[in-house]
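A.B. asks: Let me begin by handing over the structure; questions about it come next.
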Amino acid sequence: MKKLLLFGVLIVGGLISLFPMLWMISASLMPTGEASTYPPHVLPSHVTLEHYRALFTRLNLGRYLLNSALIAFTVTVISLAVNSMAGYAFAKLRFRGRDRLFGVLSAGLILPVQVAMLPLFLLMKQLGLINSYWGVIIPGLASIFGIFLIRQYAQAIPDDMLDAARIDGASEMRIYRSVVLPGIVPILATLAIWTFLATWNDFMWPLIVLSDESHYTLPVALANLVGEHVQDTELMMAGSVLTILPVLLVFLFLQRYYIQGVMAGSVKG
């Protein structure tokens, strides 16, 4: 009975959590104006794809979708390489001032992101990267949180394994590629989901850096869309569905590795 009660509570909680997303999908398929009626409709009276067609034909959302995909994919791939190498170095390589430098780096976690936006904008301006994809991408190529996460996980790699590889004549890059990377795949998947999600949903920095509408990311474009079509709830819901769909697919693709990382961390703790 206890298990049945527990499963029942979990199922009800899951349905409550999923209901807003399910209604968003349902509203995106409703005819214009139906989502704003009272009492609100849970299911569309008849299914229509006119709002999705309008997003791609009339509002050119495909361009913004490609912009967001390009930026999020580039930031995720390069940041995984940079953060994993830096985290491994702080965890296993011995060099002067390593712990002190890591302490200074970790202190940056307490600073709000907004504090760095003005000097970062001035730096991008000096480099001539304002209103360009690289102006959005470069600040995300390394993160203190990512380095910290990789470092904590990489500390569990046995030193004897690394020393054995060095005795066999392997270079540090070969050790990183053949020994370290296979051992940190679960935490890399976790960090990939985190980075992709944060980059895909980032609104403030692309809004500051990008002025050309053709370079807009999806969140910035949708914000402008809300201002122009504030009464068109169904169109907004269709845009929201397209926004969360790529993130959901990435999570489903990497969830096996993500769960491995969470379980490994709990066992080590």
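Simple scheme: letters A, B, ... for chains in structure tokens order, numbers from 1 for residues in each chain, numbers from 1 for ligands in the order shown.
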Report the residues of range 162-214 of chain A whose backbone DSSP state falls under alpha helix (DSSP H), written as a ChimeraX atom specification.
C.D. replies: /A:162-167,172-175,181-183,185-201,204-209
A.B. asks: Determine, using only C-alpha atoms, which residues of range 163-254 of chain A have any atom at most 9 Å from an atom of range 33-57 of chain A, and tabulate each with its shortest atom pair and distance in Å to one decimal place, rows ordered by chain and then rising number, as CSV.
C.D. replies:
residue,atom,partner,partner_atom,distance
A:Gln231,CA,A:Gly33,CA,8.4
A:Asp232,CA,A:Gly33,CA,7.1
A:Thr233,CA,A:Ala35,CA,6.5
A:Glu234,CA,A:Ala35,CA,6.5
A:Leu235,CA,A:His51,CA,5.2
A:Met236,CA,A:His51,CA,8.7
A:Met237,CA,A:His51,CA,8.9
A:Ala238,CA,A:Tyr52,CA,6.1
A:Gly239,CA,A:Leu55,CA,7.3
A:Leu242,CA,A:Tyr52,CA,8.8
A.B. asks: Which one is closest to Gly128 in chain A: A:Val209, A:Val179, A:Lys3, A:Leu29? Count only C-alpha atoms.
C.D. replies: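 The shortest atom-to-atom distance to Gly128 in chain A comes from A:Val209.
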A.B. asks: Taking only C-alpha atoms into account, name the residue in A:Ile78, A:Val113, A:Leu4, A:Met30 that is nearest to Met204 in chain A.
C.D. replies: A:Val113
A.B. asks: Would you mind telling me which residue in A:Leu18, A:Gly8, A:Ala142, A:Ser28 lies nearest to Val241 in chain A when using only C-alpha atoms?
C.D. replies: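 Residue with the minimum atom-to-atom distance to Val241 in chain A: A:Ser28.
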A.B. asks: Near Thr217 in chain A, counting only C-alpha atoms, which residues have an atom at most 12 Å away, once you skip same-chain residues fewer than 2 positions from it, shown as a PyMOL selection string?
C.D. replies: chain A and resi 60-72+131-133+136-137+199-215+219-224+243
A.B. asks: CA of Met24 in chain A to CA of Leu245 in chain A: how many Å, to one decimal?
C.D. replies: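 Spanning CA of Met24 in chain A to CA of Leu245 in chain A is a straight-line distance of 12.0 Å.
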A.B. asks: Can you work out the spacing between CA of Trp194 in chain A and CA of Leu10 in chain A in Å, to one decimal?
C.D. replies: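 These atoms are spaced 24.9 Å apart.
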